[in-house]
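Novice: I am sharing query11.pdb, which consists of PDB, C-alpha atoms, pLDDT in the B column:
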```
ATOM      1  CA  GLU A   9     103.273  76.893 104.859  1.00 59.00           C
ATOM      2  CA  THR A  10     102.902  79.782 102.469  1.00 61.00           C
ATOM      3  CA  ALA A  11      99.421  81.193 102.067  1.00 92.00           C
ATOM      4  CA  VAL A  12      99.989  82.670  98.641  1.00 96.00           C
ATOM      5  CA  PHE A  13      99.594  79.920  96.092  1.00 96.00           C
ATOM      6  CA  GLN A  14     100.851  80.073  92.530  1.00 96.00           C
ATOM      7  CA  THR A  15     100.377  77.719  89.634  1.00 96.00           C
ATOM      8  CA  PRO A  16     102.175  76.446  87.718  1.00 97.00           C
ATOM      9  CA  ASN A  17     105.587  76.158  89.364  1.00 95.00           C
ATOM     10  CA  TYR A  18     107.338  76.007  86.015  1.00 96.00           C
ATOM     11  CA  HIS A  19     106.367  76.660  82.444  1.00 97.00           C
ATOM     12  CA  VAL A  20     108.351  76.251  79.245  1.00 97.00           C
ATOM     13  CA  THR A  21     106.921  77.706  76.076  1.00 97.00           C
ATOM     14  CA  GLN A  22     107.897  78.931  72.661  1.00 97.00           C
ATOM     15  CA  VAL A  23     108.225  82.488  71.496  1.00 97.00           C
ATOM     16  CA  GLY A  24     104.887  83.894  70.426  1.00 97.00           C
ATOM     17  CA  ASN A  25     102.725  81.688  72.608  1.00 98.00           C
ATOM     18  CA  GLU A  26     100.268  82.915  75.225  1.00 97.00           C
ATOM     19  CA  VAL A  27     100.668  81.889  78.853  1.00 98.00           C
ATOM     20  CA  SER A  28      98.619  82.411  82.002  1.00 97.00           C
ATOM     21  CA  PHE A  29      99.699  82.191  85.598  1.00 98.00           C
ATOM     22  CA  ASN A  30      97.339  81.854  88.510  1.00 97.00           C
ATOM     23  CA  CYS A  31      97.613  83.223  92.011  1.00 97.00           C
ATOM     24  CA  LYS A  32      95.387  82.833  95.025  1.00 97.00           C
ATOM     25  CA  GLN A  33      95.884  84.064  98.566  1.00 96.00           C
ATOM     26  CA  THR A  34      94.073  82.683 101.584  1.00 95.00           C
ATOM     27  CA  LEU A  35      95.196  85.368 104.017  1.00 93.00           C
ATOM     28  CA  GLY A  36      92.161  87.585 103.575  1.00 91.00           C
ATOM     29  CA  HIS A  37      94.367  90.384 102.272  1.00 91.00           C
ATOM     30  CA  ASP A  38      93.019  93.284 100.253  1.00 90.00           C
ATOM     31  CA  THR A  39      96.066  93.955  98.123  1.00 90.00           C
ATOM     32  CA  MET A  40      97.864  91.699  95.648  1.00 92.00           C
ATOM     33  CA  TYR A  41     100.894  92.147  93.438  1.00 93.00           C
ATOM     34  CA  TRP A  42     102.905  90.662  90.637  1.00 94.00           C
ATOM     35  CA  TYR A  43     106.658  90.962  90.754  1.00 95.00           C
ATOM     36  CA  LYS A  44     109.205  89.865  88.187  1.00 96.00           C
ATOM     37  CA  GLN A  45     112.579  88.470  89.240  1.00 96.00           C
ATOM     38  CA  ASP A  46     115.148  88.351  86.468  1.00 94.00           C
ATOM     39  CA  SER A  47     118.174  86.121  86.062  1.00 92.00           C
ATOM     40  CA  LYS A  48     120.235  88.492  88.208  1.00 91.00           C
ATOM     41  CA  LYS A  49     117.723  88.127  91.049  1.00 91.00           C
ATOM     42  CA  LEU A  50     116.510  91.695  90.661  1.00 92.00           C
ATOM     43  CA  LEU A  51     112.921  92.057  91.905  1.00 94.00           C
ATOM     44  CA  LYS A  52     110.645  94.608  90.259  1.00 92.00           C
ATOM     45  CA  ILE A  53     106.985  95.287  90.762  1.00 91.00           C
ATOM     46  CA  MET A  54     104.758  94.920  87.749  1.00 92.00           C
ATOM     47  CA  PHE A  55     101.222  95.409  89.032  1.00 89.00           C
ATOM     48  CA  SER A  56      99.367  96.085  92.248  1.00 89.00           C
ATOM     49  CA  TYR A  57      95.663  95.521  92.859  1.00 87.00           C
ATOM     50  CA  ASN A  58      93.572  96.608  95.819  1.00 84.00           C
ATOM     51  CA  ASN A  59      90.140  94.995  96.148  1.00 81.00           C
ATOM     52  CA  LYS A  60      90.173  94.036  92.468  1.00 80.00           C
ATOM     53  CA  GLN A  61      91.116  97.553  91.386  1.00 80.00           C
ATOM     54  CA  LEU A  62      94.376  98.238  89.581  1.00 82.00           C
ATOM     55  CA  ILE A  63      96.522 100.560  91.681  1.00 78.00           C
ATOM     56  CA  VAL A  64      99.992 100.289  90.225  1.00 74.00           C
ATOM     57  CA  ASN A  65     100.882  99.509  86.647  1.00 75.00           C
ATOM     58  CA  GLU A  66     104.586  99.840  86.137  1.00 77.00           C
ATOM     59  CA  THR A  67     106.095 100.271  82.742  1.00 79.00           C
ATOM     60  CA  VAL A  68     105.652  96.772  81.439  1.00 88.00           C
ATOM     61  CA  PRO A  69     104.999  95.733  77.845  1.00 91.00           C
ATOM     62  CA  ARG A  70     101.354  95.703  76.819  1.00 91.00           C
ATOM     63  CA  ARG A  71     101.455  91.974  76.233  1.00 94.00           C
ATOM     64  CA  PHE A  72     101.269  91.604  80.028  1.00 95.00           C
ATOM     65  CA  SER A  73      97.776  91.846  81.473  1.00 93.00           C
ATOM     66  CA  PRO A  74      96.694  91.142  85.047  1.00 92.00           C
ATOM     67  CA  GLN A  75      93.232  89.791  85.795  1.00 93.00           C
ATOM     68  CA  SER A  76      91.443  89.862  89.126  1.00 92.00           C
ATOM     69  CA  SER A  77      88.090  88.189  89.718  1.00 90.00           C
ATOM     70  CA  ASP A  78      88.027  88.937  93.419  1.00 92.00           C
ATOM     71  CA  LYS A  79      90.443  90.191  96.008  1.00 90.00           C
ATOM     72  CA  ALA A  80      91.801  86.711  96.663  1.00 94.00           C
ATOM     73  CA  HIS A  81      92.814  86.040  93.064  1.00 95.00           C
ATOM     74  CA  LEU A  82      95.195  87.802  90.740  1.00 95.00           C
ATOM     75  CA  ASN A  83      96.198  86.104  87.527  1.00 96.00           C
ATOM     76  CA  LEU A  84      98.736  87.191  84.946  1.00 96.00           C
ATOM     77  CA  ARG A  85      98.416  86.672  81.242  1.00 97.00           C
ATOM     78  CA  ILE A  86     101.206  87.178  78.751  1.00 96.00           C
ATOM     79  CA  LYS A  87     100.232  87.350  75.106  1.00 95.00           C
ATOM     80  CA  SER A  88     102.889  86.430  72.584  1.00 95.00           C
ATOM     81  CA  VAL A  89     105.805  85.804  74.934  1.00 97.00           C
ATOM     82  CA  GLU A  90     109.317  86.910  74.014  1.00 97.00           C
ATOM     83  CA  PRO A  91     112.715  85.565  75.160  1.00 96.00           C
ATOM     84  CA  GLU A  92     113.211  88.428  77.607  1.00 95.00           C
ATOM     85  CA  ASP A  93     110.078  87.323  79.442  1.00 96.00           C
ATOM     86  CA  SER A  94     112.023  84.375  80.834  1.00 97.00           C
ATOM     87  CA  ALA A  95     112.062  85.034  84.566  1.00 97.00           C
ATOM     88  CA  VAL A  96     110.438  84.070  87.825  1.00 97.00           C
ATOM     89  CA  TYR A  97     107.068  85.707  88.362  1.00 97.00           C
ATOM     90  CA  LEU A  98     106.169  86.194  91.993  1.00 97.00           C
ATOM     91  CA  CYS A  99     102.697  86.835  93.265  1.00 96.00           C
ATOM     92  CA  ALA A 100     102.328  88.547  96.625  1.00 95.00           C
ATOM     93  CA  SER A 101      99.742  90.015  98.942  1.00 93.00           C
ATOM     94  CA  SER A 102      99.498  92.411 101.866  1.00 90.00           C
ATOM     95  CA  PRO A 103      96.747  93.286 104.349  1.00 86.00           C
ATOM     96  CA  GLY A 104      96.139  96.692 102.840  1.00 74.00           C
ATOM     97  CA  GLN A 105      97.635  99.703 101.181  1.00 68.00           C
ATOM     98  CA  GLY A 106      99.479 100.910 104.233  1.00 72.00           C
ATOM     99  CA  ALA A 107     103.149 101.388 103.531  1.00 69.00           C
ATOM    100  CA  ASN A 108     104.062  99.660 106.778  1.00 74.00           C
ATOM    101  CA  THR A 109     102.308  96.421 105.944  1.00 79.00           C
ATOM    102  CA  GLU A 110     104.338  93.343 105.243  1.00 86.00           C
ATOM    103  CA  VAL A 111     104.161  91.684 101.887  1.00 90.00           C
ATOM    104  CA  PHE A 112     103.792  87.921 101.676  1.00 92.00           C
ATOM    105  CA  PHE A 113     105.121  86.137  98.611  1.00 94.00           C
ATOM    106  CA  GLY A 114     104.195  82.978  96.798  1.00 95.00           C
ATOM    107  CA  LYS A 115     106.850  80.540  95.665  1.00 93.00           C
ATOM    108  CA  GLY A 116     106.922  81.881  92.138  1.00 96.00           C
ATOM    109  CA  THR A 117     106.356  80.635  88.619  1.00 97.00           C
ATOM    110  CA  ARG A 118     109.495  80.122  86.562  1.00 97.00           C
ATOM    111  CA  LEU A 119     108.888  80.912  82.909  1.00 98.00           C
ATOM    112  CA  THR A 120     111.329  79.787  80.245  1.00 97.00           C
ATOM    113  CA  VAL A 121     110.791  81.020  76.714  1.00 97.00           C
ATOM    114  CA  VAL A 122     112.599  79.018  74.050  1.00 95.00           C
TER
ATOM    115  CA  ALA B   2     111.921 108.103  93.081  1.00 76.00           C
ATOM    116  CA  GLN B   3     113.005 105.494  95.579  1.00 85.00           C
ATOM    117  CA  LYS B   4     116.267 103.660  95.271  1.00 92.00           C
ATOM    118  CA  VAL B   5     117.771 100.885  97.368  1.00 96.00           C
ATOM    119  CA  THR B   6     121.423  99.907  97.082  1.00 97.00           C
ATOM    120  CA  GLN B   7     123.111  96.813  98.468  1.00 97.00           C
ATOM    121  CA  THR B   8     126.799  96.964  97.646  1.00 96.00           C
ATOM    122  CA  GLN B   9     127.811  93.578  99.052  1.00 97.00           C
ATOM    123  CA  THR B  10     127.279  90.929  96.413  1.00 96.00           C
ATOM    124  CA  SER B  11     128.115  88.038  98.694  1.00 97.00           C
ATOM    125  CA  ILE B  12     129.375  87.344 102.205  1.00 97.00           C
ATOM    126  CA  SER B  13     130.833  84.160 103.648  1.00 97.00           C
ATOM    127  CA  VAL B  14     130.944  83.552 107.386  1.00 97.00           C
ATOM    128  CA  MET B  15     131.512  80.726 109.793  1.00 97.00           C
ATOM    129  CA  GLU B  16     128.618  79.311 111.733  1.00 97.00           C
ATOM    130  CA  LYS B  17     127.768  80.956 115.071  1.00 97.00           C
ATOM    131  CA  THR B  18     129.392  84.271 114.155  1.00 97.00           C
ATOM    132  CA  THR B  19     127.724  87.655 113.624  1.00 97.00           C
ATOM    133  CA  VAL B  20     127.278  89.150 110.186  1.00 98.00           C
ATOM    134  CA  THR B  21     126.190  92.587 109.038  1.00 97.00           C
ATOM    135  CA  MET B  22     124.696  93.311 105.641  1.00 98.00           C
ATOM    136  CA  ASP B  23     124.671  96.858 104.339  1.00 97.00           C
ATOM    137  CA  CYS B  24     121.893  98.766 102.656  1.00 98.00           C
ATOM    138  CA  VAL B  25     121.500 102.425 101.751  1.00 98.00           C
ATOM    139  CA  TYR B  26     118.389 104.025 100.362  1.00 96.00           C
ATOM    140  CA  GLU B  27     117.158 107.171  98.678  1.00 94.00           C
ATOM    141  CA  THR B  28     113.747 108.745  99.011  1.00 90.00           C
ATOM    142  CA  GLN B  29     112.128 112.155  98.840  1.00 87.00           C
ATOM    143  CA  ASP B  30     109.544 111.227 101.446  1.00 86.00           C
ATOM    144  CA  SER B  31     109.753 112.067 105.124  1.00 87.00           C
ATOM    145  CA  SER B  32     107.856 108.938 106.098  1.00 87.00           C
ATOM    146  CA  TYR B  33     108.912 105.557 104.835  1.00 91.00           C
ATOM    147  CA  PHE B  34     109.354 101.956 105.851  1.00 92.00           C
ATOM    148  CA  LEU B  35     112.343  99.697 105.441  1.00 95.00           C
ATOM    149  CA  PHE B  36     112.219  95.919 105.194  1.00 95.00           C
ATOM    150  CA  TRP B  37     114.530  92.971 104.970  1.00 97.00           C
ATOM    151  CA  TYR B  38     113.506  89.812 103.183  1.00 97.00           C
ATOM    152  CA  LYS B  39     115.238  86.472 102.776  1.00 97.00           C
ATOM    153  CA  GLN B  40     115.055  84.282  99.697  1.00 97.00           C
ATOM    154  CA  THR B  41     115.895  80.650 100.332  1.00 95.00           C
ATOM    155  CA  ALA B  42     117.370  78.186  97.877  1.00 93.00           C
ATOM    156  CA  SER B  43     113.866  76.990  97.042  1.00 90.00           C
ATOM    157  CA  GLY B  44     113.017  80.495  95.865  1.00 91.00           C
ATOM    158  CA  GLU B  45     110.671  81.316  98.699  1.00 91.00           C
ATOM    159  CA  ILE B  46     110.809  84.934  99.868  1.00 95.00           C
ATOM    160  CA  VAL B  47     110.206  85.450 103.552  1.00 93.00           C
ATOM    161  CA  PHE B  48     109.750  88.688 105.479  1.00 93.00           C
ATOM    162  CA  LEU B  49     112.272  89.112 108.294  1.00 96.00           C
ATOM    163  CA  ILE B  50     112.089  92.519 109.928  1.00 96.00           C
ATOM    164  CA  ARG B  51     110.871  96.099 109.458  1.00 95.00           C
ATOM    165  CA  GLN B  52     112.026  99.556 110.526  1.00 95.00           C
ATOM    166  CA  ASP B  53     109.705 102.564 110.535  1.00 93.00           C
ATOM    167  CA  SER B  54     111.487 105.775 109.618  1.00 93.00           C
ATOM    168  CA  TYR B  55     109.950 107.734 112.498  1.00 92.00           C
ATOM    169  CA  LYS B  56     111.201 105.294 115.128  1.00 93.00           C
ATOM    170  CA  LYS B  57     114.609 105.873 116.667  1.00 92.00           C
ATOM    171  CA  GLU B  58     114.871 102.451 118.238  1.00 95.00           C
ATOM    172  CA  ASN B  59     116.421  99.733 116.128  1.00 96.00           C
ATOM    173  CA  ALA B  60     114.048  96.886 115.381  1.00 96.00           C
ATOM    174  CA  THR B  61     114.885  93.407 116.686  1.00 96.00           C
ATOM    175  CA  VAL B  62     113.232  90.085 115.885  1.00 95.00           C
ATOM    176  CA  GLY B  63     114.830  86.894 117.147  1.00 95.00           C
ATOM    177  CA  HIS B  64     118.448  86.810 115.995  1.00 95.00           C
ATOM    178  CA  TYR B  65     117.835  89.577 113.455  1.00 97.00           C
ATOM    179  CA  SER B  66     118.360  93.217 114.338  1.00 97.00           C
ATOM    180  CA  LEU B  67     118.733  96.433 112.413  1.00 98.00           C
ATOM    181  CA  ASN B  68     121.259  99.233 112.529  1.00 97.00           C
ATOM    182  CA  PHE B  69     119.206 102.224 111.428  1.00 97.00           C
ATOM    183  CA  GLN B  70     121.257 105.350 110.740  1.00 97.00           C
ATOM    184  CA  LYS B  71     118.782 107.839 109.364  1.00 96.00           C
ATOM    185  CA  PRO B  72     121.260 110.690 108.668  1.00 95.00           C
ATOM    186  CA  LYS B  73     123.225 108.277 106.502  1.00 96.00           C
ATOM    187  CA  SER B  74     120.096 106.753 104.911  1.00 96.00           C
ATOM    188  CA  SER B  75     121.416 103.409 105.997  1.00 97.00           C
ATOM    189  CA  ILE B  76     119.653 100.302 107.282  1.00 98.00           C
ATOM    190  CA  GLY B  77     122.002  97.435 108.038  1.00 98.00           C
ATOM    191  CA  LEU B  78     120.828  93.923 108.908  1.00 98.00           C
ATOM    192  CA  ILE B  79     122.669  92.156 111.704  1.00 98.00           C
ATOM    193  CA  ILE B  80     122.365  88.416 112.171  1.00 98.00           C
ATOM    194  CA  THR B  81     123.827  87.079 115.378  1.00 97.00           C
ATOM    195  CA  ALA B  82     124.774  83.463 116.056  1.00 96.00           C
ATOM    196  CA  THR B  83     124.425  82.547 112.399  1.00 97.00           C
ATOM    197  CA  GLN B  84     123.265  79.074 111.455  1.00 96.00           C
ATOM    198  CA  ILE B  85     123.762  77.020 108.322  1.00 97.00           C
ATOM    199  CA  GLU B  86     120.131  77.555 107.423  1.00 96.00           C
ATOM    200  CA  ASP B  87     120.680  81.311 107.330  1.00 97.00           C
ATOM    201  CA  SER B  88     122.415  80.776 104.001  1.00 97.00           C
ATOM    202  CA  ALA B  89     120.224  82.616 101.511  1.00 97.00           C
ATOM    203  CA  VAL B  90     119.885  85.812  99.513  1.00 97.00           C
ATOM    204  CA  TYR B  91     118.939  88.810 101.623  1.00 98.00           C
ATOM    205  CA  PHE B  92     117.034  91.696 100.127  1.00 98.00           C
ATOM    206  CA  CYS B  93     116.657  95.163 101.539  1.00 97.00           C
ATOM    207  CA  ALA B  94     113.478  96.963 100.480  1.00 95.00           C
ATOM    208  CA  MET B  95     111.608 100.175 101.134  1.00 93.00           C
ATOM    209  CA  ARG B  96     108.173 101.649 100.690  1.00 88.00           C
ATOM    210  CA  ASP B  97     107.025 105.200 101.179  1.00 77.00           C
ATOM    211  CA  ASP B  98     103.675 106.610 102.241  1.00 71.00           C
ATOM    212  CA  SER B  99     102.489 107.495  98.767  1.00 67.00           C
ATOM    213  CA  GLY B 100      99.831 104.821  99.041  1.00 56.00           C
ATOM    214  CA  TYR B 101     100.842 103.092  95.868  1.00 62.00           C
ATOM    215  CA  ASN B 102     102.182 100.015  97.624  1.00 66.00           C
ATOM    216  CA  LYS B 103     105.379  99.953  95.631  1.00 78.00           C
ATOM    217  CA  LEU B 104     108.027  97.930  97.421  1.00 87.00           C
ATOM    218  CA  THR B 105     111.417  98.797  95.939  1.00 91.00           C
ATOM    219  CA  PHE B 106     114.116  96.151  96.362  1.00 94.00           C
ATOM    220  CA  GLY B 107     117.887  96.204  96.387  1.00 96.00           C
ATOM    221  CA  LYS B 108     119.818  93.694  94.300  1.00 96.00           C
ATOM    222  CA  GLY B 109     120.368  91.340  97.202  1.00 97.00           C
ATOM    223  CA  THR B 110     123.322  89.965  99.145  1.00 98.00           C
ATOM    224  CA  VAL B 111     124.154  86.278  99.094  1.00 97.00           C
ATOM    225  CA  LEU B 112     125.038  84.946 102.528  1.00 98.00           C
ATOM    226  CA  LEU B 113     126.890  81.666 102.844  1.00 97.00           C
ATOM    227  CA  VAL B 114     127.258  80.217 106.332  1.00 97.00           C
ATOM    228  CA  SER B 115     129.807  77.434 106.662  1.00 97.00           C
ATOM    229  CA  PRO B 116     130.246  74.925 109.487  1.00 95.00           C
TER
END
```
Do you think you could lay out the structure here as structure tokens?

Specialist:
Amino acid sequence: ETAVFQTPNYHVTQVGNEVSFNCKQTLGHDTMYWYKQDSKKLLKIMFSYNNKQLIVNETVPRRFSPQSSDKAHLNLRIKSVEPEDSAVYLCASSPGQGANTEVFFGKGTRLTVV
Amino acid sequence: AQKVTQTQTSISVMEKTTVTMDCVYETQDSSYFLFWYKQTASGEIVFLIRQDSYKKENATVGHYSLNFQKPKSSIGLIITATQIEDSAVYFCAMRDDSGYNKLTFGKGTVLLVSP
């Protein structure tokens, strides 16, 4: 059973709306991530947090904003969604910042913007 | 900048055979780590196996093994005795020692195992 939990599983919304996705990990990891997987299955990192501190912020539109209340939670808010935001958003975690550490993924949130 | 390339879009094999999936990478760093992940039909992404760049021995976990050819910047995944449930999308990924935790993925290879 996966230990990175994401809600919701699916979300359909209209252009211009605001959406929020939640992620919680119960692995005791220090580092969490958001990845975006597009329709061609390409996986790209969006954000990385270590102990609630933003470490990586890739070139994503400013309407995307991550929020971390503690090291076990990393939420993602999208203000004013656009059609190109339709994708699967994957939350992940790893034990630390070491490059050799494995990354554990949640099952993803599929966003459809109509 | 890191780059990971998987040239095989899809592979079809018969059950119980051996399959090799290719992956080449680019990095400026002398120390880096290579990973293979599997994404099942349900969308779940699962870690399979890792190779550390400084290790000469090929990593092996269960029926997964790696063919690490450092001079060619190549890290192939070998699955022996394939099973129907091995059907999935396989992603090659790498991360360097910059400390920024960025895992760079290839585009994936679809594996279909038939009975």

Novice: Residues of chain A were defined as contacting chain B if any atom lay at most 7 Å from it, counting all atoms listed in the file; please report them as a ChimeraX atom specification.

Specialist: /A:49-51,53,63-64,105-108,113-115

Novice: Point out the residue among A:Ala95, A:Met40, A:Val121, A:Val23 with the least atom-to-atom distance to Ser77 of chain A, counting only C-alpha atoms.

Specialist: A:Met40

Novice: Atom CA of Lys73 of chain B and atom CA of Lys57 of chain B, how far apart in Å?

Specialist: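 These atoms are spaced 13.5 Å apart.
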
Novice: Extract, using only C-alpha atoms, all DNA, RNA and protein residues at most 9 Å from Val122 of chain A, discarding same-chain residues fewer than 3 positions from it, and format them as a PDB file with C-alpha atoms, in the frame of the given file.

Specialist:
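Below you can see selection.pdb, which holds the result:
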```pdb
ATOM      1  CA  VAL A  20     108.351  76.251  79.245  1.00 97.00           C
ATOM      2  CA  THR A  21     106.921  77.706  76.076  1.00 97.00           C
ATOM      3  CA  GLN A  22     107.897  78.931  72.661  1.00 97.00           C
ATOM      4  CA  VAL A  23     108.225  82.488  71.496  1.00 97.00           C
ATOM      5  CA  GLU A  90     109.317  86.910  74.014  1.00 97.00           C
ATOM      6  CA  PRO A  91     112.715  85.565  75.160  1.00 96.00           C
ATOM      7  CA  SER A  94     112.023  84.375  80.834  1.00 97.00           C
TER       8      SER A  94
END
```

Novice: May I have the residues within 8 Å of Arg118 of chain A as a PyMOL selection string, using all atoms listed in the file and disregarding those fewer than 2 positions away in the same chain?

Specialist: chain A and resi 17-19+94-97+116+120

Novice: Any chance you could export the current selection's C-alpha atoms as a compact mmCIF listing (two decimals), keeping the file's coordinate frame?

Specialist:
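Here's the written file selection.txt:
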```
# COMPACT_ATOMS: atom_id res chain seq x y z
CA ASN A 17 105.59 76.16 89.36
CA TYR A 18 107.34 76.01 86.02
CA HIS A 19 106.37 76.66 82.44
CA SER A 94 112.02 84.38 80.83
CA ALA A 95 112.06 85.03 84.57
CA VAL A 96 110.44 84.07 87.82
CA TYR A 97 107.07 85.71 88.36
CA GLY A 116 106.92 81.88 92.14
CA THR A 120 111.33 79.79 80.24
```

Novice: Run the PyMOL selection byres ((chain A and resi 55) around 10) mentally over the shown coordinates, then write out the matched residues as a PyMOL selection string, using the chain letters and numbers from the document.

Specialist: (chain A and resi 40-44+52-54+56-57+62-68+72-74+82+84+99) or (chain B and resi 102-103)

Novice: For the structure provided, state which residues fall under the PyMOL selection byres ((chain B and resi 77) around 7), and present them as a PDB file with C-alpha atoms, in the frame of the given file.

Specialist:
```pdb
ATOM      1  CA  THR B  21     126.190  92.587 109.038  1.00 97.00           C
ATOM      2  CA  MET B  22     124.696  93.311 105.641  1.00 98.00           C
ATOM      3  CA  ASP B  23     124.671  96.858 104.339  1.00 97.00           C
ATOM      4  CA  CYS B  24     121.893  98.766 102.656  1.00 98.00           C
ATOM      5  CA  LEU B  67     118.733  96.433 112.413  1.00 98.00           C
ATOM      6  CA  ASN B  68     121.259  99.233 112.529  1.00 97.00           C
ATOM      7  CA  PHE B  69     119.206 102.224 111.428  1.00 97.00           C
ATOM      8  CA  SER B  75     121.416 103.409 105.997  1.00 97.00           C
ATOM      9  CA  ILE B  76     119.653 100.302 107.282  1.00 98.00           C
ATOM     10  CA  LEU B  78     120.828  93.923 108.908  1.00 98.00           C
ATOM     11  CA  ILE B  79     122.669  92.156 111.704  1.00 98.00           C
TER      12      ILE B  79
END
```

Novice: On this structure, which residues satisfy the PyMOL selection byres ((chain A and resi 28-39) around 8), written as a list in words?

Specialist: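 After applying the PyMOL selection byres ((chain A and resi 28-39) around 8), what remains is Ala11, Val12, Phe13, Gln14, Thr15, Pro16, Glu26, Val27, Met40, Tyr41, Ser56, Tyr57, Asn58, Asn59, Lys79, Ala80, His81, Leu82, Asn83, Leu84, Arg85, Ile86, Cys99, Ser101, Ser102, Pro103, Gly104, Gln105 and Thr117 of chain A.
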
Novice: Which residues, written as a tab-separated table (two decimals) with C-alpha atoms, in the coordinates of the input, have at least one atom at most 7 Å from Ser11 of chain B, with all atoms listed in the file counted and residues fewer than 4 positions away on the same chain left out?

Specialist:
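Once written, selection-v3.tsv looks like this:
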```tsv
chain	number	residue	atom	x	y	z
B	110	THR	CA	123.32	89.96	99.14
B	111	VAL	CA	124.15	86.28	99.09
B	112	LEU	CA	125.04	84.95	102.53
```

Novice: Can you tell me how far atom CA of Thr83 of chain B sits from atom CA of Lys48 of chain A, in Å to one decimal?

Specialist: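 The value is 25.3 Å.
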
Novice: Mind giving me the straight-line distance from atom CA of Cys93 of chain B to atom CA of Asp93 of chain A in Å, one decimal?

Specialist: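 These two atoms are separated by 24.4 Å.
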
Novice: Name the closest residue to Ser88 of chain A among the candidates A:Leu119, A:Arg71, A:Lys60, A:Ser47; distances are taken between atoms, counting only C-alpha atoms.

Specialist: A:Arg71

Novice: Name the closest residue to Ile85 of chain B among the candidates B:Ser54, B:Ser115, B:Asp30, B:Val5; distances are taken between atoms, counting all atoms listed in the file.

Specialist: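 Checking each candidate against Ile85 of chain B, we get B:Ser115 as the closest.
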
Novice: So that all listed atoms of segment 80-90 of chain A fit with 8 Å spare on each side, what axis-aligned box centre and edge lengths in Å, to one decimal, would you give as JSON?

Specialist:
```
{"center_x": 100.6, "center_y": 86.8, "center_z": 84.6, "size_x": 33.5, "size_y": 18.0, "size_z": 40.1}
```

Novice: Please work out which residues fall within 12 Å of (133.2, 78.9, 115.0), coordinates as given in the file, with only C-alpha atoms counting, and return them as a VMD selection string.

Specialist: chain B and resid 14 to 19 82 to 85 114 to 116
